[in-house]
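Undergrad: Encoded as structure tokens, here's the structure I'll be asking about.
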Amino acid sequence: MARTGNKNIQAKLVLLGDMGTGKTSLVLRFVTGKFLEYQESTIGAAFFTQVLSLNEATIKFDIWDTAGQERYHSLAPMYYRGAAAAVVVYDITSMESFVRAKKWVQELQRQANPTLIMFLAGNKADLEEKRKVGFEEGEQYAKENGLVFLETSAKTAQNVNELFYEIAKKLAKASPSRPTGIKLHSRSQQNSRRMFCCS
Amino acid sequence: MSSESRASSSGDEASEPNPNPIPKPPEDQLAALALSETDSHANGVVHGSAGENNHNHQEIESDEEEVEANSAAPGLAEVEESREGLPRGSVGGVVWARTNSELEVDGPSSPSSSGYAGERGSSSASSGGSGIDEISEVRNEEVVDGFSDLQASWVPGKRHVDEDDASLSWRKRKKHFFILSNSGKPIYSRHGDEHKLAGFSATLQAIISFVENGGDHVKLVRAGKHQVVFLVKGPIYLVCISCTEEPYESLRMQLELIYGQMLLILTKSVNRCFEKNPKFDMTPLLGGTDIVFSSLIHSFSWNPATFLHAYTCLPLAYATRQAAGAILQDVADSGVLFAILMCKHKVISLVGAQKASLHPDDMLLLSNFVMASESFRTSESFSPICLPRYNPMAFLYAYVHYLDADTYLMLLTTSSDAFYHLKDCRIRIEMVLLKSSVLSEIQRSMIDGGMRVEELPLDPLPRSASFSPHLGQHTLSTDSPDRFREPYIGVGGPAGLWHFIYRSIFLDQYVSSEFSPPISSPRQQKRLYRAYQKLYASMHDRGIGPHKTQFRRDENYVLLCWVTQDFELYAAFDPLADKALAIKTCNRVCQWVKDVENEIFLLGASPFSW
Ligand SMILES: Nc1nc2c(ncn2[C@@H]2O[C@H](COP(=O)(O)OP(=O)(O)OP(=O)(O)O)[C@@H](O)[C@H]2O)c(=O)[nH]1
Ligand SMILES: [Mg+2]
């Protein structure tokens, strides 16, 4: 698939966000082109790969679709560690999910790889009549925090390919000119790690 | 049936020798395989009459059963001849327990005029939930697919979310399960929305703490037809309210499994949350897991593993299972704690690193978790899970991948960084399984099914015989001189044998015969399941003492149970079956299982055997 003289980039991409915001739906729309009305909640994290070819590079995505369920929150570092790009997803019909998205952005800013490319996706844009989070609100927050912002719909496919295409372009630009593989790095064993925090 | 047929583990040139014979004294094998009624007075243990102990639940048994103890055993001679020359030491007493239709018939007690069916209809429309607990539903199934499988008839999902403790329909449910915190906060409810049941939870909590404060524990409360069973696990209380007449022990074990399922998802460290904040609300931590619990609860009415504490294997040619085991072993040697290959709830092969041992209950909970969560079918995943019997405090990491619609591989590790390694392992495993056509064998076995009572061989299998392609090669021929009398011609197996379950104690595995007429409808299957469950409980009731055998006859079945050091056999016969012939048939079943053990059990490589 890679063209000669082209860059081959293997990049780890992680999706974070509250449960039910549509992370799995976005990935499945990108990877399989399909959308399911009843998508089951993700357990732990699901792994997908997808290759995207640009003129300047071929990007092989290793995609971690994490579970939004609260009990998995403290496991997120396991999945975003070593990631080259992250998409933080909220649901435009839920202010709560937008608040949660901001928390994810903060956590990534503090903890993740400093060169991490971050996208903010306001999903379910097809549900305009139920909208709770204004477009400007999302855009404004993204601007302040140096994120790329898009409103998407996994259901109608609006901006889904664009989202991954934009990520790929940014990765191609950011990556050194030699072929590279960005992979999960091992982390010191922490066997006593707690999965969830008690409030 | 004579001793030359025993040689299942002695080497011969049969295509599939067993290199790993079960390490028990070979002499015992057939000796223990002979069941007779000759010693029925020997230990004369009478089931059900010894209710004098501190568990009030045992009253149930004695109330319901009219026990015919030590009754004279007819037809002695014909049984004798079949086991001549065999030691009798291991043969236990037969107890006759004539029961007054104590077996539960689920449906008819709930009249459809009570609004029950209506409620059900409306709620199933809204929640998509349905259950085989309800008689109207069961009847439908019988009409629509009269031969359907009890497992298949269940639609996953939480039921009756619109109900609360004030709804009549909620109160009429036959079986409720609750999890609540010791401060009375609801955590889970089988029926209805747990948040709407806060008042009810508080009541349960009050009962428990009232007794706890008196330095005692509540285990069981009886109220008319209802049993309320309590299980206290630190800050977490589990309660079952049931009018299904299942034994107390069975219900308590079901609560234990529900607790185990919760630990599998969260580990025991969730207790710390309650230490910090007694009013801690745990429901968000279990978000999205309703379906895992409802599927487990459903399995309490069809999966014998839930009371036998054993697992079952998909029947496969010995070489096929070996091939699967070899590649799993390979992977386990590279730092995988457990490698488990399963097809639905049946094990194909499993391997544990070094001395790591996997409890059958953990396997049940793990496979239930994976099968109930649709998410695992979408892609490969890597998730924390806890095996409560292995270590209730710590998470393991599970790599889960479906190889086809029903077959899935689980690789468990202690390392949260192992994903890419496990993924590589899976690719290797998948390649080997494809090349050696293990996957197609699995699919074929799924279609062929397992042991069928109609195929019970009359004579010991010749040693060259193999289970493959199917057990069916030694079917009962009608003009055989040794033909059994069959009360219902063409229905069931010889001597009116309808079904059996054989559990190998040493292997922690069981094999259950396929359901065949007349046990064909889901309702009949469930009724038999409950009968076995009750039989199991009575055989394992410490208060009464160890039973070796039990023979019960009621209007539904003759049930025969036989427990030795090596195995437990549960068999159901036509209610008119002849006792002596039934006993003889049980001996044949045991022999048959021995003959095909290479194909129905996972031998040797099991981590259980270390
Ligand atoms: N209308 C609409 N529904 C969507 C869209 N994306 C997802 N959904 C629905 O929202 C629900 C949740 O979607 P998921 O993709 O499972 O959400 P998730 O973020 O992966 O959830 P978790 O795995 O629990 O973290 C599903 O029923 C989807 O069908 C969208 O763009 N528009
Ligand atoms: Mg998801």
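Here's how to read the names in the structure tokens: chain A, B, ... by the order shown, residue numbers from 1 in each chain, ligand numbers from 1 in the order shown.
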Name the residues of range 51-160 of chain A that fall into strand (DSSP E) according to DSSP on the backbone, using the chain letters and numbers of this document, as a PyMOL selection string.

TA: chain A and resi 51-53+57-66+85-91+117-123+148-151

Undergrad: Let me see the file: selected residues, N, CA and C atoms, as a short mmCIF file (atom, residue, chain, number, x, y, z; two decimals), in the first residue's frame.

TA:
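The resulting file, out.cif, is reproduced below:
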```cif
data_model
loop_
_atom_site.label_atom_id
_atom_site.label_comp_id
_atom_site.auth_asym_id
_atom_site.auth_seq_id
_atom_site.Cartn_x
_atom_site.Cartn_y
_atom_site.Cartn_z
N VAL A 51 -5.63 1.79 7.59
CA VAL A 51 -4.57 2.47 6.84
C VAL A 51 -5.18 3.60 6.03
N LEU A 52 -4.54 4.73 6.07
CA LEU A 52 -5.00 5.90 5.32
C LEU A 52 -3.85 6.39 4.45
N SER A 53 -4.08 6.51 3.16
CA SER A 53 -3.01 6.97 2.29
C SER A 53 -3.23 8.43 1.89
N ALA A 57 2.18 10.63 2.56
CA ALA A 57 2.53 9.54 3.47
C ALA A 57 1.41 8.51 3.55
N THR A 58 1.78 7.35 4.03
CA THR A 58 0.78 6.33 4.33
C THR A 58 0.75 6.16 5.84
N ILE A 59 -0.41 6.34 6.39
CA ILE A 59 -0.54 6.28 7.84
C ILE A 59 -1.23 4.98 8.22
N LYS A 60 -0.57 4.21 9.06
CA LYS A 60 -1.24 3.02 9.60
C LYS A 60 -1.66 3.34 11.02
N PHE A 61 -2.96 3.45 11.19
CA PHE A 61 -3.49 3.78 12.51
C PHE A 61 -3.64 2.53 13.37
N ASP A 62 -3.13 2.60 14.59
CA ASP A 62 -3.49 1.65 15.64
C ASP A 62 -4.47 2.40 16.52
N ILE A 63 -5.72 2.02 16.45
CA ILE A 63 -6.75 2.82 17.13
C ILE A 63 -7.21 2.14 18.41
N TRP A 64 -7.11 2.87 19.50
CA TRP A 64 -7.65 2.38 20.77
C TRP A 64 -8.95 3.11 21.06
N ASP A 65 -10.01 2.35 21.00
CA ASP A 65 -11.33 2.89 21.32
C ASP A 65 -11.61 2.52 22.78
N THR A 66 -11.46 3.49 23.65
CA THR A 66 -11.56 3.18 25.08
C THR A 66 -13.01 3.18 25.55
N ALA A 85 -1.75 10.65 18.67
CA ALA A 85 -2.92 11.52 18.51
C ALA A 85 -4.05 11.03 19.41
N ALA A 86 -4.87 11.98 19.82
CA ALA A 86 -6.03 11.64 20.65
C ALA A 86 -7.24 12.40 20.14
N VAL A 87 -8.40 11.71 20.16
CA VAL A 87 -9.65 12.38 19.87
C VAL A 87 -10.49 12.34 21.13
N VAL A 88 -10.82 13.51 21.64
CA VAL A 88 -11.71 13.56 22.79
C VAL A 88 -13.11 13.84 22.25
N VAL A 89 -14.02 12.93 22.60
CA VAL A 89 -15.36 12.98 22.00
C VAL A 89 -16.39 13.38 23.04
N TYR A 90 -17.27 14.30 22.67
CA TYR A 90 -18.45 14.53 23.49
C TYR A 90 -19.68 14.44 22.60
N ASP A 91 -20.82 14.47 23.25
CA ASP A 91 -22.10 14.34 22.57
C ASP A 91 -22.76 15.71 22.62
N ILE A 117 -1.04 15.09 19.39
CA ILE A 117 -1.96 15.88 18.57
C ILE A 117 -3.37 15.62 19.07
N MET A 118 -4.06 16.70 19.46
CA MET A 118 -5.36 16.50 20.09
C MET A 118 -6.49 17.08 19.26
N PHE A 119 -7.53 16.28 19.11
CA PHE A 119 -8.74 16.71 18.41
C PHE A 119 -9.91 16.69 19.39
N LEU A 120 -10.81 17.61 19.19
CA LEU A 120 -12.05 17.60 19.96
C LEU A 120 -13.19 17.38 18.99
N ALA A 121 -13.99 16.34 19.24
CA ALA A 121 -15.09 16.04 18.33
C ALA A 121 -16.42 16.16 19.06
N GLY A 122 -17.28 17.04 18.57
CA GLY A 122 -18.65 17.13 19.09
C GLY A 122 -19.51 16.22 18.23
N ASN A 123 -19.82 15.06 18.73
CA ASN A 123 -20.50 14.04 17.92
C ASN A 123 -22.02 14.13 18.06
N VAL A 148 -7.79 20.78 17.62
CA VAL A 148 -8.53 20.89 16.37
C VAL A 148 -9.96 20.48 16.66
N PHE A 149 -10.91 21.29 16.20
CA PHE A 149 -12.30 21.03 16.54
C PHE A 149 -13.13 20.67 15.32
N LEU A 150 -13.98 19.68 15.49
CA LEU A 150 -14.91 19.29 14.43
C LEU A 150 -16.21 18.85 15.08
N GLU A 151 -17.31 19.12 14.42
CA GLU A 151 -18.54 18.46 14.82
C GLU A 151 -18.79 17.32 13.84
#
```

Undergrad: Quick one: residues within 8 Å of ligand 1, with only C-alpha atoms and all ligand atoms, as a ChimeraX atom specification?

TA: /A:16-26,35-43,65-69,89,123-127,152-157 /B:288

Undergrad: Within 12 Å of Ala531 in chain B, counting only C-alpha atoms, which residues show up once you throw out same-chain ones fewer than 6 positions away? Write them as a ChimeraX atom specification, please.

TA: /B:99,101-105,244-247,250,301-302,304,307,499-500,524-525,537-538,552-554,556-561,570-572

Undergrad: What residues in chain A have any atom no more than 6 Å from chain B when counting only C-alpha atoms, and can you write them as a PDB file with N, CA and C atoms, in the first residue's frame?

TA:
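Result written to selection-v3.pdb:
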```pdb
ATOM      1  N   GLU A  40     -23.237  -1.449  21.472  1.00  0.00           N
ATOM      2  CA  GLU A  40     -23.029  -1.829  22.870  1.00  0.00           C
ATOM      3  C   GLU A  40     -21.862  -1.070  23.484  1.00  0.00           C
ATOM      4  N   THR A  42     -18.566  -0.259  25.295  1.00  0.00           N
ATOM      5  CA  THR A  42     -17.270  -0.921  25.158  1.00  0.00           C
ATOM      6  C   THR A  42     -16.766  -1.399  26.523  1.00  0.00           C
ATOM      7  N   GLY A  44     -13.401  -2.225  28.640  1.00  0.00           N
ATOM      8  CA  GLY A  44     -11.950  -1.998  28.603  1.00  0.00           C
ATOM      9  C   GLY A  44     -11.600  -1.114  27.419  1.00  0.00           C
ATOM     10  N   ALA A  45     -11.040  -1.703  26.407  1.00  0.00           N
ATOM     11  CA  ALA A  45     -10.758  -0.944  25.191  1.00  0.00           C
ATOM     12  C   ALA A  45     -10.731  -1.899  24.011  1.00  0.00           C
ATOM     13  N   ALA A  46     -11.210  -1.398  22.903  1.00  0.00           N
ATOM     14  CA  ALA A  46     -11.211  -2.197  21.685  1.00  0.00           C
ATOM     15  C   ALA A  46     -10.124  -1.672  20.761  1.00  0.00           C
ATOM     16  N   PHE A  47      -9.541  -2.572  20.026  1.00  0.00           N
ATOM     17  CA  PHE A  47      -8.405  -2.222  19.177  1.00  0.00           C
ATOM     18  C   PHE A  47      -8.775  -2.405  17.710  1.00  0.00           C
ATOM     19  N   GLU A  70     -17.359   4.693  33.766  1.00  0.00           N
ATOM     20  CA  GLU A  70     -16.581   5.283  34.846  1.00  0.00           C
ATOM     21  C   GLU A  70     -15.516   4.336  35.413  1.00  0.00           C
ATOM     22  N   ARG A  71     -15.862   3.047  35.508  1.00  0.00           N
ATOM     23  CA  ARG A  71     -14.912   2.147  36.167  1.00  0.00           C
ATOM     24  C   ARG A  71     -13.605   2.002  35.398  1.00  0.00           C
ATOM     25  N   SER A 186       6.536   0.450  27.106  1.00  0.00           N
ATOM     26  CA  SER A 186       6.239  -0.264  28.344  1.00  0.00           C
ATOM     27  C   SER A 186       6.377   0.696  29.511  1.00  0.00           C
ATOM     28  N   CYS A 198     -12.486   6.463  44.203  1.00  0.00           N
ATOM     29  CA  CYS A 198     -13.695   6.564  44.998  1.00  0.00           C
ATOM     30  C   CYS A 198     -13.902   8.021  45.367  1.00  0.00           C
TER      31      CYS A 198
END
```

Undergrad: Mind giving me the straight-line distance from CA of Asn161 in chain A to CA of Arg29 in chain A in Å, one decimal?

TA: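 Between CA of Asn161 in chain A and CA of Arg29 in chain A the gap is 8.4 Å.
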